[in-house]
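Asker: Take a look at protein.cif, mmCIF, C-alpha atoms:
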```cif
data_start
loop_
_atom_site.label_atom_id
_atom_site.label_comp_id
_atom_site.auth_asym_id
_atom_site.auth_seq_id
_atom_site.Cartn_x
_atom_site.Cartn_y
_atom_site.Cartn_z
CA MET A 1 68.67 -245.75 -141.80
CA SER A 2 66.27 -247.89 -139.79
CA GLY A 3 64.84 -251.08 -141.27
CA VAL A 4 61.56 -250.66 -139.38
CA ILE A 5 58.84 -248.51 -140.97
CA ASP A 6 56.77 -246.33 -138.65
CA TRP A 7 53.74 -245.07 -140.58
CA THR A 8 53.64 -241.84 -138.59
CA GLU A 9 54.67 -239.06 -140.95
CA SER A 10 58.05 -237.54 -140.14
CA SER A 11 58.91 -233.90 -140.60
CA PRO A 12 59.95 -233.42 -144.23
CA ARG A 13 62.99 -231.44 -143.15
CA GLN A 14 64.06 -234.28 -140.87
CA ALA A 15 64.10 -236.54 -143.94
CA GLY A 16 65.88 -233.92 -146.03
CA MET A 17 62.86 -232.85 -148.08
CA ALA A 18 61.33 -229.45 -148.79
CA PRO A 19 57.82 -229.01 -147.27
CA ARG A 20 56.70 -226.49 -149.91
CA GLU A 21 57.51 -228.85 -152.77
CA LEU A 22 55.65 -231.68 -151.04
CA GLU A 23 52.58 -229.46 -150.83
CA ARG A 24 52.78 -229.15 -154.62
CA VAL A 25 52.79 -232.95 -154.83
CA LEU A 26 49.59 -233.10 -152.79
CA ASP A 27 48.02 -230.38 -154.94
CA LEU A 28 48.73 -232.41 -158.08
CA VAL A 29 47.16 -235.54 -156.59
CA ARG A 30 44.06 -233.67 -155.41
CA ALA A 31 43.63 -231.98 -158.81
CA HIS A 32 43.78 -235.37 -160.54
CA GLY A 33 40.63 -236.37 -158.64
CA GLY A 34 39.22 -239.75 -157.76
CA ALA A 35 40.52 -242.21 -155.18
CA ALA A 36 44.26 -242.44 -154.57
CA GLN A 37 46.91 -243.42 -152.08
CA LEU A 38 50.41 -241.94 -151.92
CA CYS A 39 53.36 -243.03 -149.80
CA VAL A 40 56.76 -241.37 -149.96
CA LEU A 41 59.70 -242.61 -147.91
CA ARG A 42 63.16 -241.05 -147.68
CA HIS A 43 66.05 -242.55 -145.76
CA GLY A 44 63.52 -245.06 -144.42
CA GLN A 45 61.33 -242.32 -142.92
CA VAL A 46 57.70 -241.87 -143.95
CA VAL A 47 57.33 -238.36 -145.33
CA LEU A 48 53.88 -238.77 -146.90
CA ASP A 49 51.26 -241.40 -146.13
CA ARG A 50 47.99 -240.10 -147.55
CA ALA A 51 44.73 -241.56 -148.82
CA PHE A 52 42.41 -239.48 -151.02
CA GLY A 53 38.77 -240.46 -151.38
CA CYS A 54 39.37 -243.91 -149.89
CA ALA A 55 40.63 -245.66 -146.76
CA PRO A 56 44.38 -246.32 -146.22
CA ASP A 57 43.66 -250.05 -146.52
CA ALA A 58 41.59 -249.81 -149.72
CA LEU A 59 42.87 -252.24 -152.35
CA PHE A 60 43.90 -250.96 -155.77
CA TRP A 61 44.30 -253.05 -158.93
CA THR A 62 47.85 -252.15 -159.96
CA PHE A 63 47.98 -253.24 -163.61
CA SER A 64 51.60 -253.74 -164.74
CA ALA A 65 53.02 -252.38 -161.50
CA SER A 66 52.42 -256.05 -160.56
CA LYS A 67 55.22 -257.36 -162.80
CA PRO A 68 58.22 -256.91 -160.44
CA PHE A 69 56.67 -259.32 -157.92
CA VAL A 70 56.82 -262.31 -160.28
CA ALA A 71 60.13 -261.14 -161.77
CA MET A 72 61.79 -261.10 -158.35
CA LEU A 73 60.45 -264.59 -157.59
CA VAL A 74 62.32 -265.81 -160.67
CA HIS A 75 65.46 -264.04 -159.44
CA LEU A 76 64.95 -265.73 -156.06
CA LEU A 77 64.90 -269.16 -157.72
CA ALA A 78 68.11 -268.25 -159.54
CA GLU A 79 69.68 -267.11 -156.26
CA ARG A 80 68.85 -270.51 -154.77
CA GLY A 81 70.32 -272.36 -157.73
CA GLN A 82 67.00 -273.86 -158.79
CA LEU A 83 67.35 -272.32 -162.25
CA SER A 84 69.76 -270.15 -164.20
CA LEU A 85 68.60 -266.97 -165.89
CA ASP A 86 70.37 -268.17 -169.03
CA ASP A 87 68.46 -271.45 -169.08
CA ARG A 88 66.16 -271.91 -172.00
CA VAL A 89 62.54 -271.64 -170.86
CA ALA A 90 61.89 -275.02 -172.49
CA ARG A 91 64.36 -276.71 -170.13
CA HIS A 92 61.83 -276.29 -167.33
CA TRP A 93 58.71 -276.14 -169.50
CA PRO A 94 59.19 -278.51 -172.48
CA GLU A 95 55.82 -277.71 -174.10
CA PHE A 96 56.97 -274.09 -174.53
CA GLY A 97 59.84 -275.11 -176.80
CA GLN A 98 58.14 -275.15 -180.20
CA ARG A 99 57.29 -272.85 -183.12
CA GLY A 100 60.48 -270.81 -182.93
CA LYS A 101 60.57 -270.50 -179.13
CA GLU A 102 63.08 -273.30 -178.51
CA ALA A 103 66.02 -270.93 -177.83
CA ILE A 104 64.20 -268.31 -175.71
CA THR A 105 65.93 -267.87 -172.35
CA ILE A 106 64.53 -266.83 -169.00
CA ARG A 107 66.73 -263.75 -169.04
CA GLN A 108 65.27 -262.66 -172.40
CA VAL A 109 61.77 -262.86 -170.96
CA LEU A 110 62.81 -260.80 -167.92
CA GLN A 111 64.25 -258.22 -170.32
CA HIS A 112 61.19 -258.15 -172.63
CA ARG A 113 63.49 -259.43 -175.40
CA SER A 114 62.08 -262.90 -176.11
CA GLY A 115 60.21 -261.65 -179.18
CA LEU A 116 56.90 -262.76 -177.67
CA PRO A 117 55.05 -259.62 -176.51
CA VAL A 118 51.71 -261.37 -177.02
CA ALA A 119 50.57 -264.95 -177.48
CA ARG A 120 47.84 -264.09 -180.02
CA SER A 121 47.00 -260.36 -179.81
CA ALA A 122 46.77 -257.74 -177.07
CA THR A 123 42.96 -257.95 -176.99
CA ARG A 124 42.74 -261.75 -177.15
CA ASP A 125 45.42 -262.17 -174.49
CA ALA A 126 43.54 -259.79 -172.19
CA LEU A 127 40.28 -261.67 -172.71
CA ALA A 128 42.00 -264.98 -171.86
CA MET A 129 44.03 -263.70 -168.91
CA THR A 130 41.50 -264.76 -166.26
CA ASN A 131 42.10 -268.40 -167.24
CA TRP A 132 45.62 -269.60 -166.33
CA ASP A 133 45.52 -272.90 -168.26
CA ARG A 134 44.18 -271.29 -171.42
CA SER A 135 46.77 -268.50 -171.30
CA VAL A 136 49.57 -271.04 -170.86
CA ARG A 137 48.32 -273.15 -173.78
CA HIS A 138 48.18 -270.09 -176.02
CA LEU A 139 51.81 -269.31 -175.18
CA GLU A 140 52.86 -272.87 -175.95
CA ARG A 141 51.30 -272.57 -179.42
CA ALA A 142 52.55 -269.03 -180.10
CA SER A 143 55.35 -268.00 -182.44
CA PRO A 144 57.69 -265.08 -181.66
CA ALA A 145 57.28 -261.90 -183.67
CA TRP A 146 61.05 -261.23 -183.58
CA PRO A 147 64.06 -263.53 -183.15
CA PRO A 148 64.82 -264.06 -179.44
CA GLY A 149 67.12 -261.39 -178.05
CA GLN A 150 66.90 -259.08 -181.07
CA VAL A 151 64.67 -256.22 -179.88
CA PRO A 152 62.82 -255.06 -176.77
CA ALA A 153 59.07 -255.56 -177.13
CA TYR A 154 57.00 -255.16 -173.96
CA HIS A 155 55.51 -258.47 -172.79
CA TYR A 156 52.06 -257.09 -172.04
CA ILE A 157 50.35 -260.13 -170.48
CA SER A 158 52.74 -262.86 -171.62
CA TYR A 159 55.40 -261.71 -169.12
CA GLY A 160 53.45 -262.90 -166.11
CA PHE A 161 52.30 -266.21 -167.52
CA ILE A 162 55.72 -267.23 -168.87
CA LEU A 163 57.51 -266.34 -165.64
CA GLY A 164 54.63 -267.51 -163.47
CA GLU A 165 54.47 -270.92 -165.14
CA LEU A 166 58.24 -271.22 -164.70
CA VAL A 167 57.92 -270.45 -160.99
CA ARG A 168 55.12 -273.00 -160.66
CA ARG A 169 57.06 -275.75 -162.44
CA VAL A 170 60.41 -275.13 -160.74
CA SER A 171 59.08 -274.57 -157.21
CA GLY A 172 56.28 -277.13 -157.42
CA GLU A 173 53.93 -274.63 -155.74
CA PRO A 174 51.02 -272.52 -157.03
CA LEU A 175 52.22 -269.00 -157.74
CA PRO A 176 50.03 -267.14 -155.19
CA GLY A 177 51.16 -269.41 -152.36
CA PHE A 178 54.81 -269.18 -153.35
CA LEU A 179 54.59 -265.38 -153.52
CA ALA A 180 52.91 -265.21 -150.11
CA ALA A 181 55.42 -267.54 -148.43
CA ARG A 182 58.57 -265.99 -149.92
CA PHE A 183 57.73 -262.27 -150.04
CA LEU A 184 54.36 -261.22 -148.64
CA GLU A 185 54.45 -262.92 -145.25
CA PRO A 186 58.12 -262.20 -144.36
CA LEU A 187 57.79 -258.55 -145.42
CA ARG A 188 54.40 -258.21 -143.66
CA LEU A 189 52.64 -257.22 -146.85
CA ARG A 190 49.31 -258.15 -145.32
CA ASP A 191 47.25 -256.20 -147.85
CA THR A 192 48.79 -257.58 -151.05
CA TYR A 193 47.05 -260.28 -153.08
CA LEU A 194 47.65 -262.01 -156.41
CA GLY A 195 44.00 -262.76 -157.02
CA LEU A 196 41.64 -260.93 -154.68
CA PRO A 197 40.09 -263.15 -151.95
CA ARG A 198 36.32 -262.94 -151.54
CA ASP A 199 36.54 -261.80 -147.93
CA VAL A 200 38.33 -258.56 -148.91
CA TRP A 201 36.21 -257.85 -151.99
CA PRO A 202 34.39 -254.93 -150.25
CA ARG A 203 37.75 -253.12 -149.88
CA ARG A 204 38.52 -253.02 -153.60
CA VAL A 205 38.71 -249.71 -155.43
CA PRO A 206 36.82 -249.79 -158.75
CA ILE A 207 38.70 -248.48 -161.78
CA ARG A 208 37.26 -245.39 -163.45
CA GLY A 209 38.00 -244.98 -167.16
CA ARG A 210 38.21 -241.84 -169.28
CA GLY A 211 38.12 -242.31 -173.03
CA ALA A 212 36.58 -245.13 -175.08
CA ALA A 213 39.40 -247.67 -174.61
CA ALA A 214 39.68 -246.92 -170.91
CA LEU A 215 35.94 -247.35 -170.42
CA VAL A 216 36.09 -250.81 -171.98
CA SER A 217 38.98 -251.71 -169.67
CA GLN A 218 37.02 -250.33 -166.72
CA VAL A 219 34.14 -252.72 -167.32
CA TYR A 220 36.41 -255.74 -167.72
CA VAL A 221 38.78 -255.00 -164.82
CA ASN A 222 35.98 -254.24 -162.38
CA ARG A 223 34.41 -257.68 -162.87
CA ARG A 224 34.70 -260.00 -159.86
CA GLY A 225 36.05 -262.73 -162.14
CA THR A 226 38.92 -260.48 -163.24
CA ARG A 227 39.83 -259.21 -159.78
CA GLU A 228 39.82 -262.71 -158.29
CA ALA A 229 41.88 -264.29 -161.08
CA VAL A 230 45.61 -265.01 -160.84
CA ILE A 231 47.08 -262.65 -163.46
CA PRO A 232 50.76 -262.18 -162.57
CA ALA A 233 51.49 -259.45 -165.13
CA ALA A 234 48.65 -257.20 -164.03
CA GLY A 235 46.53 -258.62 -161.21
CA VAL A 236 48.20 -257.70 -157.92
CA SER A 237 45.80 -255.85 -155.62
CA THR A 238 47.53 -253.87 -152.89
CA THR A 239 47.83 -250.64 -150.91
CA ALA A 240 50.39 -247.88 -151.33
CA ARG A 241 51.78 -248.78 -147.90
CA ASP A 242 52.44 -252.39 -148.93
CA LEU A 243 53.92 -251.40 -152.28
CA ALA A 244 56.20 -248.92 -150.51
CA ARG A 245 57.30 -251.66 -148.08
CA PHE A 246 58.18 -253.92 -151.02
CA TYR A 247 60.37 -251.26 -152.63
CA GLN A 248 61.91 -250.28 -149.32
CA ALA A 249 62.99 -253.91 -148.86
CA LEU A 250 64.53 -253.89 -152.34
CA LEU A 251 66.24 -250.56 -151.65
CA ARG A 252 67.73 -252.04 -148.48
CA GLY A 253 69.20 -254.99 -150.35
CA GLY A 254 66.39 -257.46 -149.68
CA GLU A 255 65.82 -256.98 -145.93
CA LEU A 256 63.16 -255.17 -143.93
CA ASP A 257 62.12 -255.28 -140.29
CA GLY A 258 64.62 -258.08 -139.66
CA ALA A 259 63.33 -260.31 -142.48
CA ARG A 260 65.60 -261.05 -145.45
CA VAL A 261 63.90 -262.23 -148.65
CA LEU A 262 66.67 -261.66 -151.22
CA GLU A 263 70.41 -261.12 -151.31
CA ALA A 264 71.63 -257.65 -152.29
CA ALA A 265 73.55 -259.09 -155.26
CA THR A 266 70.32 -260.60 -156.62
CA ILE A 267 68.60 -257.22 -156.60
CA GLU A 268 71.62 -255.61 -158.23
CA GLN A 269 71.42 -258.14 -161.06
CA ALA A 270 67.70 -257.47 -161.51
CA ARG A 271 68.47 -253.74 -161.84
CA GLN A 272 71.12 -254.11 -164.56
CA PRO A 273 70.07 -252.27 -167.76
CA SER A 274 69.11 -254.48 -170.69
CA SER A 275 68.02 -251.79 -173.18
CA ASP A 276 69.03 -248.15 -173.22
CA GLY A 277 68.07 -245.83 -176.06
CA GLU A 278 66.16 -248.53 -177.97
CA ARG A 279 62.54 -248.04 -178.98
CA ASP A 280 60.26 -250.69 -177.54
CA ARG A 281 58.56 -252.34 -180.51
CA PHE A 282 55.28 -253.03 -178.69
CA LEU A 283 54.82 -249.69 -176.93
CA GLY A 284 56.51 -247.46 -179.51
CA LEU A 285 58.42 -245.63 -176.74
CA THR A 286 62.04 -245.53 -175.65
CA ILE A 287 62.16 -247.35 -172.32
CA ARG A 288 65.16 -248.23 -170.19
CA TRP A 289 64.46 -251.86 -169.26
CA SER A 290 66.43 -253.88 -166.75
CA GLN A 291 65.78 -257.53 -165.89
CA GLY A 292 62.51 -257.06 -164.06
CA PHE A 293 62.02 -253.29 -163.85
CA GLN A 294 61.70 -250.08 -165.79
CA LEU A 295 64.61 -247.74 -165.08
CA GLY A 296 64.85 -243.99 -164.62
CA GLY A 297 67.29 -241.55 -166.16
CA THR A 298 65.63 -241.30 -169.57
CA GLY A 299 67.62 -238.20 -170.59
CA ALA A 300 66.64 -235.85 -173.41
CA ASP A 301 64.74 -238.30 -175.64
CA VAL A 302 61.36 -236.64 -176.20
CA ALA A 303 59.79 -240.01 -177.10
CA ALA A 304 60.94 -241.64 -173.86
CA SER A 305 58.59 -242.96 -171.20
CA ARG A 306 59.20 -241.11 -167.91
CA PRO A 307 56.86 -242.51 -165.23
CA MET A 308 59.58 -241.98 -162.58
CA GLY A 309 60.05 -238.40 -163.72
CA ARG A 310 62.16 -236.46 -166.18
CA LEU A 311 64.49 -235.76 -163.26
CA SER A 312 64.83 -239.41 -162.25
CA SER A 313 68.33 -240.79 -161.73
CA PRO A 314 69.64 -243.67 -163.87
CA GLN A 315 69.66 -245.83 -160.71
CA ALA A 316 65.91 -245.45 -160.13
CA PHE A 317 63.93 -248.65 -160.70
CA GLY A 318 60.26 -249.57 -160.54
CA HIS A 319 57.24 -250.17 -162.74
CA ASN A 320 54.36 -248.18 -164.14
CA GLY A 321 50.88 -249.71 -164.34
CA SER A 322 48.86 -248.29 -167.25
CA ASN A 323 49.67 -244.74 -166.11
CA CYS A 324 47.26 -245.49 -163.28
CA CYS A 325 49.55 -246.89 -160.55
CA ILE A 326 53.30 -246.87 -159.97
CA GLY A 327 55.93 -247.97 -157.48
CA TRP A 328 59.62 -247.05 -157.63
CA ALA A 329 62.78 -246.58 -155.62
CA ASP A 330 65.86 -244.44 -156.19
CA PRO A 331 69.07 -245.62 -154.46
CA ALA A 332 70.81 -242.33 -155.35
CA ARG A 333 68.28 -240.34 -153.34
CA GLN A 334 67.27 -243.09 -150.87
CA LEU A 335 63.71 -242.46 -152.01
CA VAL A 336 60.68 -244.76 -152.30
CA VAL A 337 57.39 -243.79 -153.95
CA ALA A 338 54.12 -245.72 -154.20
CA TYR A 339 51.27 -243.90 -155.94
CA LEU A 340 48.02 -245.75 -156.66
CA THR A 341 44.97 -244.24 -158.34
CA ASP A 342 41.63 -245.36 -159.74
CA ARG A 343 41.93 -243.22 -162.88
CA LEU A 344 42.57 -245.08 -166.14
CA THR A 345 43.00 -242.42 -168.82
CA ALA A 346 43.44 -243.03 -172.54
CA GLY A 347 46.09 -240.95 -174.30
CA PRO A 348 49.01 -239.01 -172.82
CA ASP A 349 47.21 -237.37 -169.87
CA GLY A 350 47.81 -240.21 -167.40
CA ALA A 351 51.49 -240.45 -168.35
CA ARG A 352 51.90 -236.70 -168.01
CA HIS A 353 50.35 -236.76 -164.56
CA GLN A 354 52.65 -239.52 -163.30
CA THR A 355 55.67 -237.65 -164.62
CA GLU A 356 54.58 -234.42 -162.91
CA VAL A 357 54.01 -236.13 -159.56
CA SER A 358 57.34 -237.97 -159.70
CA ASP A 359 59.23 -234.82 -160.68
CA ALA A 360 57.59 -232.83 -157.90
CA ILE A 361 58.66 -235.48 -155.37
CA ILE A 362 62.22 -235.47 -156.73
CA THR A 363 62.33 -231.67 -156.65
CA ALA A 364 61.49 -231.86 -152.94
CA CYS A 365 64.85 -233.66 -152.43
CA PRO A 366 67.41 -230.82 -152.52
#
```
So that I can check it, write out the structure of this file as structure tokens.

Answerer:
Amino acid sequence: MSGVIDWTESSPRQAGMAPRELERVLDLVRAHGGAAQLCVLRHGQVVLDRAFGCAPDALFWTFSASKPFVAMLVHLLAERGQLSLDDRVARHWPEFGQRGKEAITIRQVLQHRSGLPVARSATRDALAMTNWDRSVRHLERASPAWPPGQVPAYHYISYGFILGELVRRVSGEPLPGFLAARFLEPLRLRDTYLGLPRDVWPRRVPIRGRGAAALVSQVYVNRRGTREAVIPAAGVSTTARDLARFYQALLRGGELDGARVLEAATIEQARQPSSDGERDRFLGLTIRWSQGFQLGGTGADVAASRPMGRLSSPQAFGHNGSNCCIGWADPARQLVVAYLTDRLTAGPDGARHQTEVSDAIITACP
């Protein structure tokens, strides 16, 4: 398996995939409508590299598909011995250690088990997320809803600011610069930004909402002030090609095109399950969490979240972004998928669509 990605599509059969099933994938994406990008890699070969209603270098807001970037920066700091995942957050950020948060560990945050899914409320956290200092202050003053370590409860916006502030304090560098130097530049992710620069603003893809809640989100997310802000849990703008490169590097044990950004053992630790069969108290769904990713292999649980497909293997890892965007990799199938859309849909329709696309891609791997 080559470590160099050639964006010329290979024959599906050459990559061990069924052409007819891949046509079904494309039909599902076209029927969904709107702008989208889809990249599928197998055994390091590009099987699909398609843009629908936009250019291949158009920049999508990826919502929570952003989270693994900051999570893996924390794992990088642990790999270098600059922190331990079992350190208390307050060891590196003393102001955090108050109001019941004194014992929260970095690992618990990575696992969504710190008991702090929000600082104040989902709506108020979202309204404050464009202001780093304000979001950090709110977290310092917050109290956990559950005892640390007790239950999984998705850290909606808090995930990025807790881990991002840790990275800033431990590394001594602003988060966007640290991300660029450690991951984006070595992996040649030239179209990935944490906070959209003004010079690439014309390339952004506006979000289109369906349903009352999605329409409100559309207005807020499409603001220049939101797109340009540093929001590590939700604000990465990227292309499907770049997101696929990121997951291909993780699938290859932290190396791509001759550049190593992580050790294989570090990625293995990040993929270790932390909740399996437990209902997430914030989302109300059964999600297999690791220590930085959502995991596949959700089994027969009808209430489970399946963005990587009902057929996904337990080894699959990645992250869904508001049922709008997703990136994932499956070591068992040597498969990488990056699927970005502009469609933010309230209710189960967006989740159902992601599941169908993922399952169709998996079915194409005999």

Asker: Written as a list of chain:residue names, what is the full residue list that the PyMOL selection byres ((chain A and resi 304) around 7) yields on the file shown?

Answerer: A:Leu285, A:Thr286, A:Ile287, A:Thr298, A:Asp301, A:Val302, A:Ala303, A:Ser305, A:Arg306

Asker: Apply the PyMOL selection byres ((chain A and resi 35) around 7) to the structure shown and report the selected residues as a ChimeraX atom specification.

Answerer: /A:33-34,36,52-54,341-342

Asker: Quick one: of A:Ala126, A:Ile326, A:Ala332, A:Leu166, who's nearest to Gly297 of chain A, counting all atoms listed in the file?

Answerer: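 Ranked by minimum distance to Gly297 of chain A, first place goes to A:Ala332.
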
Asker: Any idea what's packed within 10 Å of segment 312-318 of chain A, counting all atoms listed in the file, ignoring anything in its chain fewer than 2 positions away? Could you give it as a compact mmCIF listing (two decimals) with C-alpha atoms, keeping the file's coordinate frame?

Answerer:
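Result file around_1.txt:
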```txt
# COMPACT_ATOMS: atom_id res chain seq x y z
CA ALA A 65 53.02 -252.38 -161.50
CA LYS A 67 55.22 -257.36 -162.80
CA PRO A 68 58.22 -256.91 -160.44
CA TYR A 247 60.37 -251.26 -152.63
CA LEU A 250 64.53 -253.89 -152.34
CA LEU A 251 66.24 -250.56 -151.65
CA ALA A 270 67.70 -257.47 -161.51
CA ARG A 271 68.47 -253.74 -161.84
CA GLN A 272 71.12 -254.11 -164.56
CA PRO A 273 70.07 -252.27 -167.76
CA ARG A 288 65.16 -248.23 -170.19
CA TRP A 289 64.46 -251.86 -169.26
CA SER A 290 66.43 -253.88 -166.75
CA GLY A 292 62.51 -257.06 -164.06
CA PHE A 293 62.02 -253.29 -163.85
CA GLN A 294 61.70 -250.08 -165.79
CA LEU A 295 64.61 -247.74 -165.08
CA GLY A 296 64.85 -243.99 -164.62
CA GLY A 297 67.29 -241.55 -166.16
CA THR A 298 65.63 -241.30 -169.57
CA GLY A 299 67.62 -238.20 -170.59
CA ARG A 306 59.20 -241.11 -167.91
CA PRO A 307 56.86 -242.51 -165.23
CA MET A 308 59.58 -241.98 -162.58
CA GLY A 309 60.05 -238.40 -163.72
CA ARG A 310 62.16 -236.46 -166.18
CA ASN A 320 54.36 -248.18 -164.14
CA ILE A 326 53.30 -246.87 -159.97
CA GLY A 327 55.93 -247.97 -157.48
CA TRP A 328 59.62 -247.05 -157.63
CA ALA A 329 62.78 -246.58 -155.62
CA ASP A 330 65.86 -244.44 -156.19
CA PRO A 331 69.07 -245.62 -154.46
CA ALA A 332 70.81 -242.33 -155.35
CA ARG A 333 68.28 -240.34 -153.34
CA GLN A 334 67.27 -243.09 -150.87
CA LEU A 335 63.71 -242.46 -152.01
CA VAL A 336 60.68 -244.76 -152.30
CA VAL A 337 57.39 -243.79 -153.95
CA ALA A 338 54.12 -245.72 -154.20
CA THR A 355 55.67 -237.65 -164.62
CA SER A 358 57.34 -237.97 -159.70
CA ASP A 359 59.23 -234.82 -160.68
CA ILE A 362 62.22 -235.47 -156.73
CA THR A 363 62.33 -231.67 -156.65
```

Asker: Ranking A:Arg223, A:Arg208, A:Arg99, A:Arg188 by minimum distance to Leu139 of chain A and counting only C-alpha atoms, which one comes first?

Answerer: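 Nearest to Leu139 of chain A: A:Arg99.
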
Asker: Tell me which protein, DNA and RNA residues are within 10 Å of Ser135 of chain A, counting only C-alpha atoms, leaving out same-chain ones fewer than 3 positions away, and put them as a JSON list (two decimals) with C-alpha atoms, in the frame of the given file.

Answerer:
```json
[["chain", "number", "residue", "atom", "x", "y", "z"],
["A", 119, "ALA", "CA", 50.57, -264.95, -177.48],
["A", 120, "ARG", "CA", 47.84, -264.09, -180.02],
["A", 124, "ARG", "CA", 42.74, -261.75, -177.15],
["A", 125, "ASP", "CA", 45.42, -262.17, -174.49],
["A", 126, "ALA", "CA", 43.54, -259.79, -172.19],
["A", 127, "LEU", "CA", 40.28, -261.67, -172.71],
["A", 128, "ALA", "CA", 42.00, -264.98, -171.86],
["A", 129, "MET", "CA", 44.03, -263.70, -168.91],
["A", 130, "THR", "CA", 41.50, -264.76, -166.26],
["A", 131, "ASN", "CA", 42.10, -268.40, -167.24],
["A", 132, "TRP", "CA", 45.62, -269.60, -166.33],
["A", 138, "HIS", "CA", 48.18, -270.09, -176.02],
["A", 139, "LEU", "CA", 51.81, -269.31, -175.18],
["A", 140, "GLU", "CA", 52.86, -272.87, -175.95],
["A", 157, "ILE", "CA", 50.35, -260.13, -170.48],
["A", 158, "SER", "CA", 52.74, -262.86, -171.62],
["A", 161, "PHE", "CA", 52.30, -266.21, -167.52],
["A", 162, "ILE", "CA", 55.72, -267.23, -168.87],
["A", 231, "ILE", "CA", 47.08, -262.65, -163.46]]
```

Asker: Counting all atoms listed in the file, figure out which residue out of A:Ile5, A:Leu59, A:Leu38, A:Ala153 gets nearest to Trp201 of chain A.

Answerer: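 The answer is A:Leu59, which sits nearest to Trp201 of chain A.
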
Asker: Please measure the separation of atom CA of Gly177 of chain A and atom CA of Gln82 of chain A, giving the value in Å to one decimal.

Answerer: 17.7 Å

Asker: Write out as a VMD selection string each polymer residue whose atoms come within 7 Å of Ile104 of chain A, counting all atoms listed in the file; drop sequence neighbours fewer than 3 positions from it.

Answerer: chain A and resid 88 to 89 101 108 114 148

Asker: May I ask which of the residues A:Leu73, A:Leu22, A:Leu184, A:Leu340 is the closest one to Leu256 of chain A, counting only C-alpha atoms?

Answerer: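 Comparing A:Leu73, A:Leu22, A:Leu184, A:Leu340 against Leu256 of chain A, the winner is A:Leu184.
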
Asker: Go ahead and compute the interatomic distance for atom CA of Gln45 of chain A and atom CA of Gly258 of chain A, in Å to one decimal.

Answerer: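 Atom CA of Gly258 of chain A lies at a distance of 16.4 Å from atom CA of Gln45 of chain A.
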
Asker: Go through A:Arg24, A:Arg245, A:Arg113, A:Arg42 and flag the residue nearest Tyr159 of chain A, using all atoms listed in the file for the distances.

Answerer: A:Arg113

Asker: Quick one: apply the PyMOL selection byres ((chain A and resi 63) around 7) to the file and drop the selected residues here as an mmCIF file with C-alpha atoms, in the coordinates of the input.

Answerer:
```
data_model
loop_
_atom_site.group_PDB
_atom_site.id
_atom_site.type_symbol
_atom_site.label_atom_id
_atom_site.label_comp_id
_atom_site.auth_asym_id
_atom_site.auth_seq_id
_atom_site.Cartn_x
_atom_site.Cartn_y
_atom_site.Cartn_z
ATOM 1 C CA TRP A 61 44.300 -253.050 -158.930
ATOM 2 C CA THR A 62 47.850 -252.150 -159.960
ATOM 3 C CA SER A 64 51.600 -253.740 -164.740
ATOM 4 C CA ALA A 65 53.020 -252.380 -161.500
ATOM 5 C CA SER A 66 52.420 -256.050 -160.560
ATOM 6 C CA ALA A 234 48.650 -257.200 -164.030
ATOM 7 C CA GLY A 235 46.530 -258.620 -161.210
ATOM 8 C CA GLY A 321 50.880 -249.710 -164.340
ATOM 9 C CA SER A 322 48.860 -248.290 -167.250
#
```

Asker: If you measure from atom CA of Pro12 of chain A to atom CA of Val25 of chain A, what distance in Å do you get, rounded to one decimal?

Answerer: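 Going from atom CA of Pro12 of chain A over to atom CA of Val25 of chain A covers 12.8 Å.
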
Asker: If we count all atoms listed in the file, what is near Leu215 of chain A at a cut-off of 10 Å, once residues fewer than 6 positions away on the same chain are taken out, given as a list in words?

Answerer: Ile207, Arg208, Gly209, Val221, Leu344, Thr345 and Ala346 of chain A

Asker: Give me, as a ChimeraX atom specification, all polymer residues having an atom no more than 10 Å from segment 192-200 of chain A, counting all atoms listed in the file and skipping those fewer than 3 positions away in the same chain.

Answerer: /A:58-61,66,69-70,130,175-177,179-180,184-185,188-189,203-204,224-243
